[in-house]
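K.L.:
Sharing model_12.txt below, compact mmCIF, C-alpha atoms:
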# COMPACT_ATOMS: atom_id res chain seq x y z
CA MET A 7 90.90 140.88 111.52
CA THR A 8 88.90 139.42 108.62
CA ASP A 9 86.48 136.61 109.34
CA TYR A 10 86.89 133.99 106.59
CA THR A 11 84.85 131.28 108.31
CA ASP A 12 81.88 131.49 105.90
CA TYR A 13 84.21 131.10 102.90
CA ILE A 14 86.04 128.24 104.57
CA HIS A 15 82.73 126.49 105.22
CA GLN A 16 81.59 127.06 101.61
CA TYR A 17 84.80 125.58 100.20
CA ILE A 18 84.61 122.52 102.45
CA GLU A 19 80.97 121.99 101.51
CA MET A 20 81.85 122.20 97.78
CA GLU A 21 84.57 119.62 98.33
CA LYS A 22 82.20 117.26 100.15
CA LYS A 23 79.56 117.57 97.43
CA VAL A 24 82.08 116.74 94.69
CA LEU A 25 83.52 113.82 96.66
CA ASP A 26 80.01 112.41 97.06
CA SER A 27 79.47 112.58 93.30
CA LEU A 28 82.51 110.46 92.35
CA ALA A 29 81.81 107.20 90.51
CA ASP A 30 83.06 104.43 92.80
CA SER A 31 82.97 101.93 89.93
CA ALA A 32 85.31 104.09 87.81
CA ILE A 33 87.79 104.34 90.68
CA ASN A 34 87.54 100.59 91.28
CA ASP A 35 88.21 99.89 87.58
CA VAL A 36 91.30 102.13 87.60
CA MET A 37 92.64 100.48 90.75
CA ASN A 38 92.27 97.05 89.13
CA VAL A 39 94.07 98.19 85.98
CA LEU A 40 96.93 99.56 88.11
CA GLU A 41 97.19 96.42 90.24
CA ASN A 42 97.13 94.20 87.15
CA ALA A 43 99.95 96.29 85.69
CA ARG A 44 102.00 95.85 88.87
CA LEU A 45 101.40 92.10 89.06
CA ASN A 46 102.18 91.59 85.36
CA GLY A 47 105.33 93.74 85.24
CA ARG A 48 103.84 96.47 83.07
CA ARG A 49 105.23 99.99 83.12
CA ILE A 50 103.00 102.91 83.99
CA PHE A 51 103.67 106.37 82.55
CA ILE A 52 101.94 109.43 84.00
CA CYS A 53 101.84 113.08 82.97
CA GLY A 54 100.14 116.40 83.57
CA ASN A 55 100.72 120.17 83.43
CA GLY A 56 101.01 122.66 86.28
CA GLY A 57 99.19 121.40 89.37
CA SER A 58 98.39 118.20 87.49
CA ALA A 59 102.13 117.66 86.93
CA SER A 60 102.55 117.91 90.68
CA THR A 61 99.79 115.34 91.21
CA ALA A 62 101.40 113.03 88.63
CA SER A 63 104.74 113.29 90.41
CA HIS A 64 103.09 112.73 93.78
CA LEU A 65 101.34 109.59 92.51
CA GLU A 66 104.62 108.23 91.15
CA CYS A 67 106.24 108.71 94.56
CA ASP A 68 103.35 107.24 96.54
CA PHE A 69 103.03 104.14 94.35
CA ASN A 70 106.74 103.46 93.74
CA LYS A 71 107.73 103.97 97.36
CA GLY A 72 104.60 104.02 99.50
CA ILE A 73 102.81 100.99 98.08
CA SER A 74 105.80 99.11 96.66
CA TYR A 75 108.04 99.33 99.72
CA GLY A 76 108.15 95.91 101.31
CA GLN A 77 106.30 94.18 98.45
CA ASP A 78 107.91 91.49 96.33
CA ILE A 79 106.23 92.77 93.15
CA LYS A 80 106.59 96.52 92.86
CA TYR A 81 105.06 99.29 90.81
CA ASP A 82 107.11 100.68 87.92
CA ILE A 83 105.79 104.20 87.38
CA GLU A 84 107.56 106.97 85.51
CA CYS A 85 106.33 110.55 85.68
CA LEU A 86 106.97 112.14 82.29
CA SER A 87 106.43 115.59 83.82
CA ASP A 88 109.50 115.23 86.07
CA ASN A 89 112.26 115.34 83.44
CA VAL A 90 112.48 119.10 82.95
CA PRO A 91 115.58 119.10 80.68
CA MET A 92 113.95 116.59 78.32
CA MET A 93 110.66 118.51 78.28
CA MET A 94 112.46 121.78 77.56
CA ALA A 95 114.53 120.22 74.77
CA ILE A 96 111.41 118.79 73.13
CA ALA A 97 109.47 122.04 73.63
CA ASN A 98 112.33 124.04 72.11
CA ASP A 99 113.16 121.76 69.18
CA ILE A 100 109.77 120.20 68.35
CA GLY A 101 106.97 121.85 70.31
CA TYR A 102 105.38 121.93 73.74
CA ASP A 103 102.45 119.80 72.58
CA ASP A 104 104.85 116.85 72.08
CA ILE A 105 106.70 116.90 75.43
CA PHE A 106 105.03 113.67 76.61
CA VAL A 107 104.50 111.77 73.37
CA VAL A 108 108.19 111.87 72.32
CA PRO A 109 109.45 109.90 75.36
CA LEU A 110 106.52 107.52 75.01
CA ARG A 111 107.64 106.75 71.45
CA ASN A 112 110.95 105.59 72.94
CA LYS A 113 109.62 103.57 75.86
CA LEU A 114 105.96 102.54 75.60
CA LYS A 115 105.17 98.88 74.95
CA LYS A 116 101.86 97.18 74.22
CA GLY A 117 100.05 96.49 77.49
CA ASP A 118 101.73 99.33 79.39
CA ILE A 119 99.60 102.00 81.02
CA VAL A 120 99.48 105.74 80.31
CA ILE A 121 97.78 108.03 82.83
CA GLY A 122 96.97 111.60 81.82
CA ILE A 123 95.85 114.18 84.35
CA SER A 124 94.18 117.37 83.17
CA GLY A 125 91.79 119.52 85.14
CA SER A 126 90.16 120.82 81.97
CA GLY A 127 90.56 117.58 80.04
CA ASN A 128 91.89 119.62 77.14
CA SER A 129 95.67 119.81 77.65
CA GLU A 130 96.98 119.15 74.15
CA ASN A 131 100.23 117.51 75.28
CA VAL A 132 98.32 115.08 77.51
CA ILE A 133 95.81 114.42 74.71
CA ARG A 134 98.66 113.56 72.32
CA ALA A 135 100.22 111.19 74.87
CA VAL A 136 96.93 109.37 75.47
CA SER A 137 96.10 109.26 71.75
CA PHE A 138 99.51 107.77 70.96
CA ALA A 139 99.12 105.22 73.77
CA ASN A 140 95.78 104.14 72.31
CA THR A 141 97.42 103.45 68.94
CA GLN A 142 100.11 101.32 70.61
CA GLY A 143 97.77 98.98 72.48
CA ALA A 144 98.41 100.55 75.87
CA GLU A 145 95.73 100.93 78.53
CA THR A 146 94.79 104.58 79.02
CA ILE A 147 93.52 106.24 82.17
CA THR A 148 92.62 109.90 82.65
CA PHE A 149 91.72 112.06 85.61
CA THR A 150 89.65 115.06 84.48
CA GLY A 151 87.48 117.85 85.84
CA TYR A 152 85.07 120.48 84.51
CA GLY A 153 83.17 118.84 81.62
CA GLY A 154 85.92 116.28 81.07
CA GLY A 155 87.13 117.81 77.84
CA ARG A 156 88.45 115.63 75.04
CA LEU A 157 90.35 113.35 77.42
CA LYS A 158 87.22 112.07 79.12
CA HIS A 159 86.17 110.26 75.95
CA LEU A 160 89.65 109.53 74.60
CA SER A 161 90.84 107.23 77.36
CA LYS A 162 89.60 103.74 78.13
CA TYR A 163 89.21 104.57 81.83
CA ASN A 164 88.28 107.98 83.19
CA ILE A 165 87.77 109.32 86.68
CA HIS A 166 85.83 112.52 86.26
CA VAL A 167 85.63 115.17 88.98
CA ALA A 168 82.43 117.05 88.18
CA ALA A 169 83.46 120.52 89.31
CA ASP A 170 84.04 123.81 87.51
CA ASN A 171 86.67 124.91 90.02
CA MET A 172 90.32 124.03 89.35
CA GLN A 173 91.25 124.02 93.04
CA ILE A 174 88.51 121.52 93.87
CA VAL A 175 89.40 119.38 90.84
CA GLU A 176 93.09 119.29 91.77
CA ASP A 177 92.24 118.60 95.44
CA ILE A 178 90.11 115.60 94.47
CA HIS A 179 92.73 114.25 92.06
CA LEU A 180 95.19 114.21 94.96
CA VAL A 181 92.58 112.64 97.24
CA LEU A 182 92.15 109.88 94.62
CA ASN A 183 95.89 109.24 94.69
CA HIS A 184 95.97 109.02 98.49
CA MET A 185 92.84 106.88 98.65
CA MET A 186 94.23 104.39 96.13
CA MET A 187 97.57 104.34 97.93
CA PHE A 188 95.90 103.72 101.29
CA ILE A 189 93.75 100.88 99.95
CA LEU A 190 96.37 99.23 97.74
CA SER A 191 98.98 99.30 100.50
CA GLY A 192 96.67 97.17 102.63
CA MET A 193 95.19 100.17 104.46
CA LYS A 194 98.30 100.48 106.61
CA GLY A 195 98.34 104.27 106.66
CA CYS A 196 101.71 104.52 104.91
Re-express the file's structure as structure tokens.
P.N.:
Amino acid sequence: MTDYTDYIHQYIEMEKKVLDSLADSAINDVMNVLENARLNGRRIFICGNGGSASTASHLECDFNKGISYGQDIKYDIECLSDNVPMMMAIANDIGYDDIFVVPLRNKLKKGDIVIGISGSGNSENVIRAVSFANTQGAETITFTGYGGGRLKHLSKYNIHVAADNMQIVEDIHLVLNHMMMFILSGMKGC
């Protein structure tokens, strides 16, 4: 039998170190933007690729059901990564880099929110979505890792996970989702 305990300990220690380095003020700002959107009836669009698409979908579920359930004013979040037929049609007919910006052209209104999640901060399709949102007067939020890539400086609000390890970055992005859900639901442990 292989003893993985040293590796397990190293991974957990890396995770703790990165969690300790998060900017509380950036998270607080994002939570306020999201709550203001909910209270003012603004739509929130979210997108990401690969593991980040999974995190985007998870956030949509947790906010639309977990936080909104039992509240008079609910979140209205749409995960652009969840409509596979639409993404494939756009990728086939136009290009993969436009899979998120095309639906935003149909739906996004001034004052809405666009959240882009990218571990590297350099996913071109997420960059195009956030760039378009900026031109339309939407609020833009990004979750990034590594050096933050282009997205870190493109969005109005950024939560940066300072780690050069995609697993740690994606772990922390999901922790951010769960933390925000827990707090915004009144810390009821949904």
K.L.:
Select all residues near (82.9, 109.5, 93.4) (cut-off 10 Å, inclusive, file coordinates), counting only C-alpha atoms, and output them as number ranges by chain.
P.N.:
A: 23-33, 165-168, 178, 182
K.L.:
Between atom CA of Asp103 of chain A and atom CA of Asn183 of chain A, what is the distance, to one decimal in Å?
P.N.:
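Atom-to-atom, atom CA of Asp103 of chain A and atom CA of Asn183 of chain A are spaced 25.4 Å apart.
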K.L.:
Could you check the closest approach to Arg48 of chain A for each of A:Ala62, A:Ala144, A:Ile96, A:Val108 and tell me which residue wins, using all atoms listed in the file?
P.N.:
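Nearest candidate to Arg48 of chain A out of A:Ala62, A:Ala144, A:Ile96, A:Val108: A:Ala144.
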K.L.:
I'd like the neighbourhood of Asp88 of chain A as an mmCIF file with C-alpha atoms, keeping the file's coordinate frame, where a residue qualifies if any of its atoms comes within 10 Å (using all atoms listed in the file), though same-chain residues fewer than 6 positions away should be ignored.
P.N.:
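around_23.cif was written with the following content:
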data_model
loop_
_atom_site.group_PDB
_atom_site.id
_atom_site.type_symbol
_atom_site.label_atom_id
_atom_site.label_comp_id
_atom_site.auth_asym_id
_atom_site.auth_seq_id
_atom_site.Cartn_x
_atom_site.Cartn_y
_atom_site.Cartn_z
ATOM 1 C CA ILE A 52 101.940 109.430 84.000
ATOM 2 C CA CYS A 53 101.840 113.080 82.970
ATOM 3 C CA GLY A 54 100.140 116.400 83.570
ATOM 4 C CA ALA A 59 102.130 117.660 86.930
ATOM 5 C CA SER A 60 102.550 117.910 90.680
ATOM 6 C CA ALA A 62 101.400 113.030 88.630
ATOM 7 C CA SER A 63 104.740 113.290 90.410
ATOM 8 C CA GLU A 66 104.620 108.230 91.150
#
K.L.:
Mind checking which residues fall within 9 Å of Ile121 of chain A, counting all atoms listed in the file, ignoring those fewer than 5 positions away in the same chain, and posting them as an MDAnalysis selection string?
P.N.:
chainID A and resid 50:54 62 132 135:136 145:149 161
K.L.:
Could you write out that same residue set with C-alpha atoms as a CSV table (one decimal), keeping the file's coordinate frame?
P.N.:
chain,number,residue,atom,x,y,z
A,50,ILE,CA,103.0,102.9,84.0
A,51,PHE,CA,103.7,106.4,82.6
A,52,ILE,CA,101.9,109.4,84.0
A,53,CYS,CA,101.8,113.1,83.0
A,54,GLY,CA,100.1,116.4,83.6
A,62,ALA,CA,101.4,113.0,88.6
A,132,VAL,CA,98.3,115.1,77.5
A,135,ALA,CA,100.2,111.2,74.9
A,136,VAL,CA,96.9,109.4,75.5
A,145,GLU,CA,95.7,100.9,78.5
A,146,THR,CA,94.8,104.6,79.0
A,147,ILE,CA,93.5,106.2,82.2
A,148,THR,CA,92.6,109.9,82.6
A,149,PHE,CA,91.7,112.1,85.6
A,161,SER,CA,90.8,107.2,77.4
K.L.:
For each of A:Gly117, A:Gly72, A:Pro91, A:Gly122, take the minimum atom-to-atom distance to Leu160 of chain A, counting all atoms listed in the file, then give the residue where this is smallest.
P.N.:
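Of all the options, A:Gly122 lies closest to Leu160 of chain A.
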K.L.:
Find, counting all atoms listed in the file, the residue in A:Arg49, A:His64, A:Arg44, A:Arg111 that gets nearest to Lys80 of chain A.
P.N.:
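Nearest candidate to Lys80 of chain A out of A:Arg49, A:His64, A:Arg44, A:Arg111: A:Arg44.
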K.L.:
Taking into account all atoms listed in the file, which residue in the set A:Ile14, A:Cys67, A:Ile100, A:Ile73 is nearest to Cys85 of chain A?
P.N.:
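Closest to Cys85 of chain A of all the choices is A:Cys67.
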K.L.:
At a cut-off of 12 Å around the point (99.4, 100.6, 100.0) (file coordinates), what residues fall inside when counting only C-alpha atoms? I'd like the answer as an MDAnalysis selection string.
P.N.:
chainID A and resid 37 41 65 67:77 80:81 183:196
K.L.:
What box, with edges along x, y and z, holds each listed atom of segment 88-103 of chain A when 5 Å is added on every side, and can you state its centre and edge lengths in Å to one decimal, as AutoDock Vina command-line options?
P.N.:
--center_x 109.0 --center_y 119.6 --center_z 77.2 --size_x 23.1 --size_y 18.8 --size_z 27.7
K.L.:
Between atom CA of Gln173 of chain A and atom CA of Leu86 of chain A, measure the distance and give it in Å to one decimal.
P.N.:
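If I compute the distance from atom CA of Gln173 of chain A to atom CA of Leu86 of chain A, I get 22.4 Å.
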K.L.:
I'd like to know which of A:Asn55, A:Pro109, A:Gly101, A:Ile133 is closest to Ser87 of chain A, using only C-alpha atoms.
P.N.:
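Closest to Ser87 of chain A, using only C-alpha atoms: A:Asn55.
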K.L.:
With all atoms listed in the file as the basis for distance, which of A:Ala43, A:Ile123, A:Leu110, A:Leu180 is at the shortest distance from Gly151 of chain A?
P.N.:
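With all atoms listed in the file as the atom set, the closest residue is A:Ile123.
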K.L.:
Kindly add all heavy atoms to the incomplete segment 133-144 of chain A and provide the output as a PDB file, in the frame of the given file.
P.N.:
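File produced: out35.pdb:
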ATOM      1  N   ILE A 133      96.649 115.042  75.737  1.00  0.00           N
ATOM      2  CA  ILE A 133      95.810 114.420  74.710  1.00  0.00           C
ATOM      3  C   ILE A 133      96.676 113.650  73.713  1.00  0.00           C
ATOM      4  O   ILE A 133      96.370 112.502  73.365  1.00  0.00           O
ATOM      5  CB  ILE A 133      94.953 115.486  73.986  1.00  0.00           C
ATOM      6  CG1 ILE A 133      93.854 115.989  74.929  1.00  0.00           C
ATOM      7  CG2 ILE A 133      94.365 114.947  72.682  1.00  0.00           C
ATOM      8  CD1 ILE A 133      93.114 117.219  74.443  1.00  0.00           C
ATOM      9  N   ARG A 134      97.772 114.246  73.274  1.00  0.00           N
ATOM     10  CA  ARG A 134      98.660 113.560  72.320  1.00  0.00           C
ATOM     11  C   ARG A 134      99.276 112.304  72.930  1.00  0.00           C
ATOM     12  O   ARG A 134      99.412 111.288  72.247  1.00  0.00           O
ATOM     13  CB  ARG A 134      99.741 114.504  71.821  1.00  0.00           C
ATOM     14  CG  ARG A 134      99.196 115.553  70.874  1.00  0.00           C
ATOM     15  CD  ARG A 134     100.286 116.391  70.269  1.00  0.00           C
ATOM     16  NE  ARG A 134      99.692 117.489  69.509  1.00  0.00           N
ATOM     17  CZ  ARG A 134     100.354 118.211  68.639  1.00  0.00           C
ATOM     18  NH1 ARG A 134     101.639 117.982  68.402  1.00  0.00           N
ATOM     19  NH2 ARG A 134      99.745 119.197  67.996  1.00  0.00           N
ATOM     20  N   ALA A 135      99.643 112.369  74.205  1.00  0.00           N
ATOM     21  CA  ALA A 135     100.220 111.190  74.870  1.00  0.00           C
ATOM     22  C   ALA A 135      99.193 110.060  74.946  1.00  0.00           C
ATOM     23  O   ALA A 135      99.500 108.902  74.634  1.00  0.00           O
ATOM     24  CB  ALA A 135     100.716 111.566  76.262  1.00  0.00           C
ATOM     25  N   VAL A 136      97.977 110.378  75.348  1.00  0.00           N
ATOM     26  CA  VAL A 136      96.930 109.370  75.470  1.00  0.00           C
ATOM     27  C   VAL A 136      96.532 108.830  74.093  1.00  0.00           C
ATOM     28  O   VAL A 136      96.349 107.614  73.921  1.00  0.00           O
ATOM     29  CB  VAL A 136      95.708 109.934  76.249  1.00  0.00           C
ATOM     30  CG1 VAL A 136      94.526 108.975  76.213  1.00  0.00           C
ATOM     31  CG2 VAL A 136      96.105 110.235  77.699  1.00  0.00           C
ATOM     32  N   SER A 137      96.426 109.709  73.116  1.00  0.00           N
ATOM     33  CA  SER A 137      96.100 109.260  71.750  1.00  0.00           C
ATOM     34  C   SER A 137      97.158 108.300  71.224  1.00  0.00           C
ATOM     35  O   SER A 137      96.829 107.254  70.644  1.00  0.00           O
ATOM     36  CB  SER A 137      95.992 110.456  70.803  1.00  0.00           C
ATOM     37  OG  SER A 137      94.910 111.261  71.143  1.00  0.00           O
ATOM     38  N   PHE A 138      98.424 108.649  71.406  1.00  0.00           N
ATOM     39  CA  PHE A 138      99.510 107.770  70.960  1.00  0.00           C
ATOM     40  C   PHE A 138      99.427 106.425  71.688  1.00  0.00           C
ATOM     41  O   PHE A 138      99.555 105.364  71.071  1.00  0.00           O
ATOM     42  CB  PHE A 138     100.869 108.425  71.212  1.00  0.00           C
ATOM     43  CG  PHE A 138     102.019 107.518  70.899  1.00  0.00           C
ATOM     44  CD1 PHE A 138     102.376 107.254  69.583  1.00  0.00           C
ATOM     45  CD2 PHE A 138     102.734 106.906  71.919  1.00  0.00           C
ATOM     46  CE1 PHE A 138     103.431 106.399  69.287  1.00  0.00           C
ATOM     47  CE2 PHE A 138     103.781 106.055  71.633  1.00  0.00           C
ATOM     48  CZ  PHE A 138     104.139 105.795  70.317  1.00  0.00           C
ATOM     49  N   ALA A 139      99.210 106.461  72.982  1.00  0.00           N
ATOM     50  CA  ALA A 139      99.120 105.220  73.770  1.00  0.00           C
ATOM     51  C   ALA A 139      98.008 104.323  73.236  1.00  0.00           C
ATOM     52  O   ALA A 139      98.175 103.097  73.144  1.00  0.00           O
ATOM     53  CB  ALA A 139      98.889 105.547  75.240  1.00  0.00           C
ATOM     54  N   ASN A 140      96.888 104.922  72.870  1.00  0.00           N
ATOM     55  CA  ASN A 140      95.780 104.140  72.310  1.00  0.00           C
ATOM     56  C   ASN A 140      96.198 103.413  71.034  1.00  0.00           C
ATOM     57  O   ASN A 140      95.808 102.270  70.799  1.00  0.00           O
ATOM     58  CB  ASN A 140      94.569 105.032  72.034  1.00  0.00           C
ATOM     59  CG  ASN A 140      93.828 105.431  73.293  1.00  0.00           C
ATOM     60  OD1 ASN A 140      93.871 104.752  74.309  1.00  0.00           O
ATOM     61  ND2 ASN A 140      93.147 106.564  73.233  1.00  0.00           N
ATOM     62  N   THR A 141      96.997 104.074  70.200  1.00  0.00           N
ATOM     63  CA  THR A 141      97.420 103.450  68.940  1.00  0.00           C
ATOM     64  C   THR A 141      98.436 102.335  69.153  1.00  0.00           C
ATOM     65  O   THR A 141      98.637 101.515  68.267  1.00  0.00           O
ATOM     66  CB  THR A 141      98.035 104.484  67.958  1.00  0.00           C
ATOM     67  OG1 THR A 141      99.293 104.952  68.471  1.00  0.00           O
ATOM     68  CG2 THR A 141      97.082 105.632  67.694  1.00  0.00           C
ATOM     69  N   GLN A 142      99.059 102.311  70.323  1.00  0.00           N
ATOM     70  CA  GLN A 142     100.110 101.320  70.610  1.00  0.00           C
ATOM     71  C   GLN A 142      99.606 100.137  71.427  1.00  0.00           C
ATOM     72  O   GLN A 142     100.397  99.293  71.838  1.00  0.00           O
ATOM     73  CB  GLN A 142     101.280 101.993  71.342  1.00  0.00           C
ATOM     74  CG  GLN A 142     101.913 103.127  70.564  1.00  0.00           C
ATOM     75  CD  GLN A 142     102.382 102.687  69.187  1.00  0.00           C
ATOM     76  OE1 GLN A 142     103.200 101.782  69.063  1.00  0.00           O
ATOM     77  NE2 GLN A 142     101.850 103.318  68.146  1.00  0.00           N
ATOM     78  N   GLY A 143      98.318 100.085  71.704  1.00  0.00           N
ATOM     79  CA  GLY A 143      97.770  98.980  72.480  1.00  0.00           C
ATOM     80  C   GLY A 143      98.022  99.102  73.973  1.00  0.00           C
ATOM     81  O   GLY A 143      97.993  98.106  74.705  1.00  0.00           O
ATOM     82  N   ALA A 144      98.260 100.307  74.437  1.00  0.00           N
ATOM     83  CA  ALA A 144      98.410 100.550  75.870  1.00  0.00           C
ATOM     84  C   ALA A 144      97.037 100.785  76.490  1.00  0.00           C
ATOM     85  O   ALA A 144      96.094 101.171  75.803  1.00  0.00           O
ATOM     86  CB  ALA A 144      99.315 101.748  76.123  1.00  0.00           C
TER      87      ALA A 144
END
